[in-house]
Protein chains: 8
Amino acid sequence: MDEKHVRTMLAAVADGSCPIDKALTSLKTAPFSDLGYAKVDHHRALRQGVAEIIYGEGKTAAQIRGICDSMATAGQERVLITRLDADKAAILHEPLFLDYHPEARIGIIGGIPEPDGNGTVVVAAAGTSDLAVAEEAALTAEMLGSSVVRLYDVGVAGIHRLLAHADDIEQACVVVAVAGMEGALPSVIAGIASCPVIAVPTSVGYGASFGGVAALLAMLNSCASGVSVVNIDNGFGAGYQASMINHVSSRHVR
Amino acid sequence: MDEKHVRTMLAAVADGSCPIDKALTSLKTAPFSDLGYAKVDHHRALRQGVAEIIYGEGKTAAQIRGICDSMATAGQERVLITRLDADKAAILHEPLFLDYHPEARIGIIGGIPEPDGNGTVVVAAAGTSDLAVAEEAALTAEMLGSSVVRLYDVGVAGIHRLLAHADDIEQACVVVAVAGMEGALPSVIAGIASCPVIAVPTSVGYGASFGGVAALLAMLNSCASGVSVVNIDNGFGAGYQASMINHVSSRHVR
Amino acid sequence: MDEKHVRTMLAAVADGSCPIDKALTSLKTAPFSDLGYAKVDHHRALRQGVAEIIYGEGKTAAQIRGICDSMATAGQERVLITRLDADKAAILHEPLFLDYHPEARIGIIGGIPEPDGNGTVVVAAAGTSDLAVAEEAALTAEMLGSSVVRLYDVGVAGIHRLLAHADDIEQACVVVAVAGMEGALPSVIAGIASCPVIAVPTSVGYGASFGGVAALLAMLNSCASGVSVVNIDNGFGAGYQASMINHVSSRHVR
Amino acid sequence: MDEKHVRTMLAAVADGSCPIDKALTSLKTAPFSDLGYAKVDHHRALRQGVAEIIYGEGKTAAQIRGICDSMATAGQERVLITRLDADKAAILHEPLFLDYHPEARIGIIGGIPEPDGNGTVVVAAAGTSDLAVAEEAALTAEMLGSSVVRLYDVGVAGIHRLLAHADDIEQACVVVAVAGMEGALPSVIAGIASCPVIAVPTSVGYGASFGGVAALLAMLNSCASGVSVVNIDNGFGAGYQASMINHVSSRHVR
Amino acid sequence: MDEKHVRTMLAAVADGSCPIDKALTSLKTAPFSDLGYAKVDHHRALRQGVAEIIYGEGKTAAQIRGICDSMATAGQERVLITRLDADKAAILHEPLFLDYHPEARIGIIGGIPEPDGNGTVVVAAAGTSDLAVAEEAALTAEMLGSSVVRLYDVGVAGIHRLLAHADDIEQACVVVAVAGMEGALPSVIAGIASCPVIAVPTSVGYGASFGGVAALLAMLNSCASGVSVVNIDNGFGAGYQASMINHVSSRHVR
Amino acid sequence: MDEKHVRTMLAAVADGSCPIDKALTSLKTAPFSDLGYAKVDHHRALRQGVAEIIYGEGKTAAQIRGICDSMATAGQERVLITRLDADKAAILHEPLFLDYHPEARIGIIGGIPEPDGNGTVVVAAAGTSDLAVAEEAALTAEMLGSSVVRLYDVGVAGIHRLLAHADDIEQACVVVAVAGMEGALPSVIAGIASCPVIAVPTSVGYGASFGGVAALLAMLNSCASGVSVVNIDNGFGAGYQASMINHVSSRHVR
Amino acid sequence: MDEKHVRTMLAAVADGSCPIDKALTSLKTAPFSDLGYAKVDHHRALRQGVAEIIYGEGKTAAQIRGICDSMATAGQERVLITRLDADKAAILHEPLFLDYHPEARIGIIGGIPEPDGNGTVVVAAAGTSDLAVAEEAALTAEMLGSSVVRLYDVGVAGIHRLLAHADDIEQACVVVAVAGMEGALPSVIAGIASCPVIAVPTSVGYGASFGGVAALLAMLNSCASGVSVVNIDNGFGAGYQASMINHVSSRHVR
Amino acid sequence: MDEKHVRTMLAAVADGSCPIDKALTSLKTAPFSDLGYAKVDHHRALRQGVAEIIYGEGKTAAQIRGICDSMATAGQERVLITRLDADKAAILHEPLFLDYHPEARIGIIGGIPEPDGNGTVVVAAAGTSDLAVAEEAALTAEMLGSSVVRLYDVGVAGIHRLLAHADDIEQACVVVAVAGMEGALPSVIAGIASCPVIAVPTSVGYGASFGGVAALLAMLNSCASGVSVVNIDNGFGAGYQASMINHVSSRHVR
């Protein structure tokens, strides 16, 4: 029941075709979803062909196929499935015309759309072991309509590799900086960039890395302004927010 | 030495007025700052009257005054001083025409500029004890040219207080969500909003809040998409990034 | 706007005295508080003379007096003020006819009401250093209409002291068990009791007690069934929930 | 040796048929169990057909069958077996007429009894991944004689889903709120409910959820009154205490 | 009611002078303390002049004096007061003939008794900063009747200082090893000693010593057999247990 | 080179049969083991037939057999092998006449000796899941010549089960108290006992037990005097120290 | 592009053969690697036959072979492959003439070079379980041109074993001290040595060793001067830095 | 008793002037210190005028003066006093001709010696708040005979500031890298340097910096080779080890 339905119901009350008690019950039992307080990414909905998202972990191949089928029926062109195991992907590949990205453990239906954001999302990763998380971020942003520039293996222990890409960073609309171990990459990037930096700690490391906690703490304590942080290994979350930022527009003015 | 200077120097090499050795030395000893890899918020620099920022903690009133004087000499109209004690503010009030916001511990010189961002930054705070951090975020965003809507005392234990402001949240360009204790506010807001949410855990609480760690962990584990997190009590960092997001523009396209 | 108001408004829509647009706006802008989704302890509201609660920490004496005055104007007979410093209590003592319990740091206006719960709340404390928290729990429960039996200094290192009160525990409606250090009291009590036990860890201890964490963890890992836990030093929370349990009735049947 | 036996023995002392030394030895060597200080859920014992409980983890199928057989011999109609693996359940299914609930890993003998509590226990769960823990709580409460209302997939990131069930929560006798990740559900529910809320953190999540610690801390720091917490994934403990609260009666008055 | 009283009561039941009901009530309401399950250090009680112990922290000088006076009345010759501030000691010095040991923050009434244990308790301390805790252990053991040998400033970074006292360690009945920082002393001593070693971590250190946690963990992980550990800074606990071990005798044979 | 060898060498120096330089080299290169600063449990060595100990973890069956063979050659009658897997035990069973205790994962060669200590070591365990650790402690103490009384399944949630054995505890020479989960058993026992209590936390539990940390912290914070603690699951260490205490004698007097 | 290339380019600018714009672009796009700010171990590069290093973890045998082949093509005589599984080593053994050290999980191509450092690197390990990490350190140092003395099984619980090697420690150029459990070895060694000590905590231990954290904290809190620490199990890092120290020379004077 | 004394004693045994028993007793009671196993920085002792060190914390001005006086009597020219409060420094200034460095809290007697190491120690600090720790490191290294180059305010958020000093880093003999907050500086420096880097985390920061833990963990997890770490705020330890490395020489060859 959206605003139109409430208006219709009120009109029915006004013309007597809906008893007051029945209207009251309707309002009481389902007032929230009907009035539209559910989250809808309005921008995304307005853009053609942008992807819906399924969290694949803990769902069977059959369940995922069922969801995708109903989405297809509803006219959804593109679907992004995260944390999808290779086994399930193999099952879904043919019936769903699914492209599988094994490193990012992402499945894509309907292909990646044309980018329609303000600019580019740079996804930078410190080491080769961080690529899985970085690719999750990059593919997520692309499926949500962002143009992505990948800067991989630019860890701070070889600072020249990062600085060689200073132009990409300076021209970015938003940067996703992915790093494990000491997690220093976002600070160095935020010192170069003039846009928001979303830091993603990864669980890469051993011993006192504590499964990514060392990188997480480093990123939360960044001495550079303009850095915020998502959960360990949460490439999806970073790519999602990065694409949100990349689609910010003046439409929001009150 | 910016790009223009390098070009000039190369021209001098080309016309023989600069010996090769001297050019080589220049390039080797100061290549980085000169080529412009320092962080400059280009957008901000282009907007008139936007504030420079001084971190007040650990600086004496005399030191702060000195920095402000040199900024004034350089033509800087507005200055934002964070983490400024009341004592120092009292000393600086008259000579610097400084307005002091005691709750946020922020001093402002030159007044708050007219907003010039894409839309509004909503700063939401869960409890009255979170106001100091929320105000730090709000004033920072305002000094950087953002229009700010404050939603205070909208903690999740009285969910209707938050939902009464659902319109503000839906129309925001970016939301800063400030909460201590269980830190649940950003998740609920991100469920309503269609824009990025920057979560700020505060050290409000006792016992197993561990000085804000409980709220920090909750925020990092948000079940809602579109949330990123800054350090405990880092209102400045959230306000800074929020204003960055609020000024994202299509200028970035490559 | 409660249910009655919505009904009235719908009637006004039905008879044409309220335009549909105006009704729609009312529903959209304030649907939550008006429909009554705010928390009200219905039982408590129905019982005469039961206390309202003010959290004293971080409020000035003047602010507390203002709140109490407005409560008095609204006809509220009894007020419970928690975490109230002795200094503020001294200021408020005379104007508010406030009784101050220094150990529990609780101020009481209007006296403790007659108990009206199902039975008794037993508040047991392990050591003399835990008394402040235990008294906060006991006075809170009493102000909310519960009869309280205090069993203090019944720590497990002298198990006979606790067992000498086995009758009280067996006959309780709910037990609040307060302990610092190793936090073993709730487990032993839950082994004797046939009612719910609410465990309150205290910050009493040193070294590896980590400000109450040792007791907290012990309580969460109780080998006895029927134990739940509140935050470190949260006597108020335990007393509040204990009184809730003590007032559970068959009114709730659907 | 219960009270009757002690009385009998004292009578034997009185009539000389029991020497004083023998009586003294009896009292000294087994005074505790005999005098009844063991935990007995008196209410439960008085209600017909309510379940006994076996903790299945670490017990072989043969051991569990042995315990159940001896319980059956003793006239126990119903048995609840928690943390029971599917393999063991398959072995026990036929000989014990055992119903197995795979998600909750619970085995039930004798079926679920008619509810006889004061009202309903609401079991609310944030996400689909929390269902195993929630079902453990729900089935436990049902086997102990409580009527249970299940509200699943009502996480705070889609607050309207929860609010659509506000009536169930308002009318509950006690609520069990199950959530992983940021663990915000209990706070929001306690803001709506007028009854005790038992919070159950789950180990659902990754990275900085630290196996449920993030949710546990959030719940301990709830800004809402009336919340207590059990161990991570302890659905049984929450269901047990909830049913205890649901059976609180005025029988307890001293 | 001790064993004698129970016997007397049973005799009264036997001769009819005590009704059965009255006997039953007595047994039910106070069976534990009366039957003697309270902790009594039997050995200590049998030795003349050994000290009673008062934990001074959180008690006023007046309260301590009251306890000491009643002890004196009861014939107690010696009293050990731990964690006693210098201020209170100054007040109690004259009226109680109290000797104050400021470093150990211990007050002694009645002087240190003649040792009567099996052998010597060695108290070894790593650094000068650990002396306060070491002295608390040493004085406690002495007041409980043990002969104490002090080995101070024998930290492992100058291993020859420790080894120069190898004879003392080899001949000890029990060793208390006190250390902060890396807490290595107990392991080295246990490698030399042929008796139990009680390790006491101290809060001496900074940074990653975390108030004694580093030393505590090191001691719990000792690679040497025969080491057990008490809480951080718990010199009293170590001295108490050491003296217990020093008084172990063959009296215990069943 | 023991004392006898040094004396012999000095005699050779005295009679000129050993050059000074050769004597000096001998003293410098191996002075420590030769002078006897290595740890020898002198008491144990003097008692006939007491066991040597092998830590089985990380050693192959062949390695263990080799060590045992050389011990046998050296006349060692009894050997205790801890942390021995069932697989290796099966291999060693026949050639070494090894008795295997699967629960404690202990292998015994030569049988358990006659006890020769001062009294009895009581090994008490809270739950059935703690038996493996308790048995490791009990068998270790027995192999080192102690008489052991086992009190199993005496957890504090059913306090009467423990109190029924109060006599055993009161008469013990030393108590080993083993518990997981909330780890409360040692505190309750130390309140009853008049001898040292060695607490052993076990990794039994889930969620916020953190692999035994909850129990460890509880034991370190025991409110009862006379408790010390060993590492999580370190039954061997507790049994070893307990037997040391059980063999303390007046031989130690200086 | 090294310094020579820049000079050449500047000469080309000077003689007009290189346009200014082209020079500018070259400088901007690749200034860092070209100007030599990448890390090169200059000493190592100058010494013949010293090894290149490959981190084997996460690389397939094929990938490792590819890297080694290209290194061989480039004239690299020796390669050190760390964290190499036995399976991959078996595949690479023949084609690469690779020697595999299973305990250290290190593969070596081209053999260990002649040592060319200032002196010896002593690698000391506390227990047999620490050997894997110690060997990783020792082989790394040897492959980088250091002479290594191994002191294994010199844990502090048998201090004489360590002291018997005091000469080796006193004459070392740098010591790598490897220990798990309580991590005390580096402190004792630093008390004997007159050279830097690099401490390596290992994950050897159980319970409260927390995977090496206990040893790590102990080492960071060493009471001896001259100790620094690397990550848990990071034998490679310690061996690498030790060899760096062993090759320090006066060449560095400015 | 050093080697010479042992030789003399053996000679006395050989010529009969020393009885064997007396020689044996001497060897047993004091063999360690006498044989010289105490730590002596041989290099330092051989260099003229290098400083002795006093840890000032916890010592009174009078105690420090006493130590210095006895050192002066013994001919010690230079003394370094660390962690010296300004108050004590004021007292000691005149009598000891002490120079006080308030930021580093270091007192120096006898002035800084001429450097005599292999090369330079670079001390780099990230922020102005890290200067106290950096100066402690720098002054310590200077007092031990090292030439020090200070690079302050070179934090990674403005990477050009650090790179502008790449020459200093490349030419260093050893680098001490001091940083709080995210602690990224050592990784970036180790990527540029070809010498050992000693990382010093500082307690600078707030919230999730946890008093320097974030920086400590980052440094332990450095992705760059050649980094080791000292305790939080341990500038002295880093300066001490750095100077040790700076004085490494080929004298060590066996």
# chains A, B, ... in the order shown; residues from 1 in each chain; ligands from 1
>>> closest_atom_pairs(of="chain G", to="chain F", cutoff="7 Å", atoms="only C-alpha atoms", output="CSV")
residue,atom,partner,partner_atom,distance
G:Gly158,CA,F:Ala38,CA,6.1
G:His160,CA,F:Phe32,CA,4.7
G:Ala164,CA,F:Ala30,CA,5.3
G:Gly207,CA,F:Ile232,CA,4.7
G:Ala208,CA,F:Asn231,CA,6.2
>>> write_last_selection(atoms="C-alpha atoms", output="compact mmCIF listing (two decimals), in the first residue's frame")
# COMPACT_ATOMS: atom_id res chain seq x y z
CA GLY G 158 66.79 -25.58 31.93
CA HIS G 160 72.20 -24.48 32.19
CA ALA G 164 76.67 -23.74 28.30
CA GLY G 207 45.21 -22.42 25.97
CA ALA G 208 46.29 -18.99 27.16
>>> select_by_dssp(residues="stretch 69-231 of chain F", states="helix (DSSP H, G or I)", output="MDAnalysis selection string")
chainID F and resid 69:73 86:96 128:143 156:163 166:171 185:192 207:220
>>> residues_around(residues="F:Thr140", least_positions_apart="2", cutoff="10 Å", atoms="only C-alpha atoms", output="list in words")
Ala51, Ile53, Leu80, Ile81, Thr82, Ala104, Ile106, Ile108, Ile112, Ala134, Glu135, Glu136, Ala137, Ala138, Glu142, Met143, Leu144, Gly145, Ser146, Val148, Gly235, Phe236, Gly237, Ala238, Gly239, Tyr240, Gln241, Ala242 and Ser243 of chain F
>>> residues_around(residues="stretch 91-103 of chain F", least_positions_apart="4", cutoff="9 Å", atoms="only C-alpha atoms", output="JSON, numbers by chain")
{"F": [61, 62, 64, 65, 68, 69, 84, 85, 86, 87, 107, 108, 109, 110, 111, 131, 132, 133, 135, 136]}
>>> atom_distance(atom1="atom CA of E:Ile67", atom2="atom CA of E:Asn246")
28.2 Å
>>> residues_around(residues="stretch 19-21 of chain G", least_positions_apart="5", cutoff="8 Å", atoms="only C-alpha atoms", output="number ranges by chain")
B: 7, 10-11, 14; G: 13
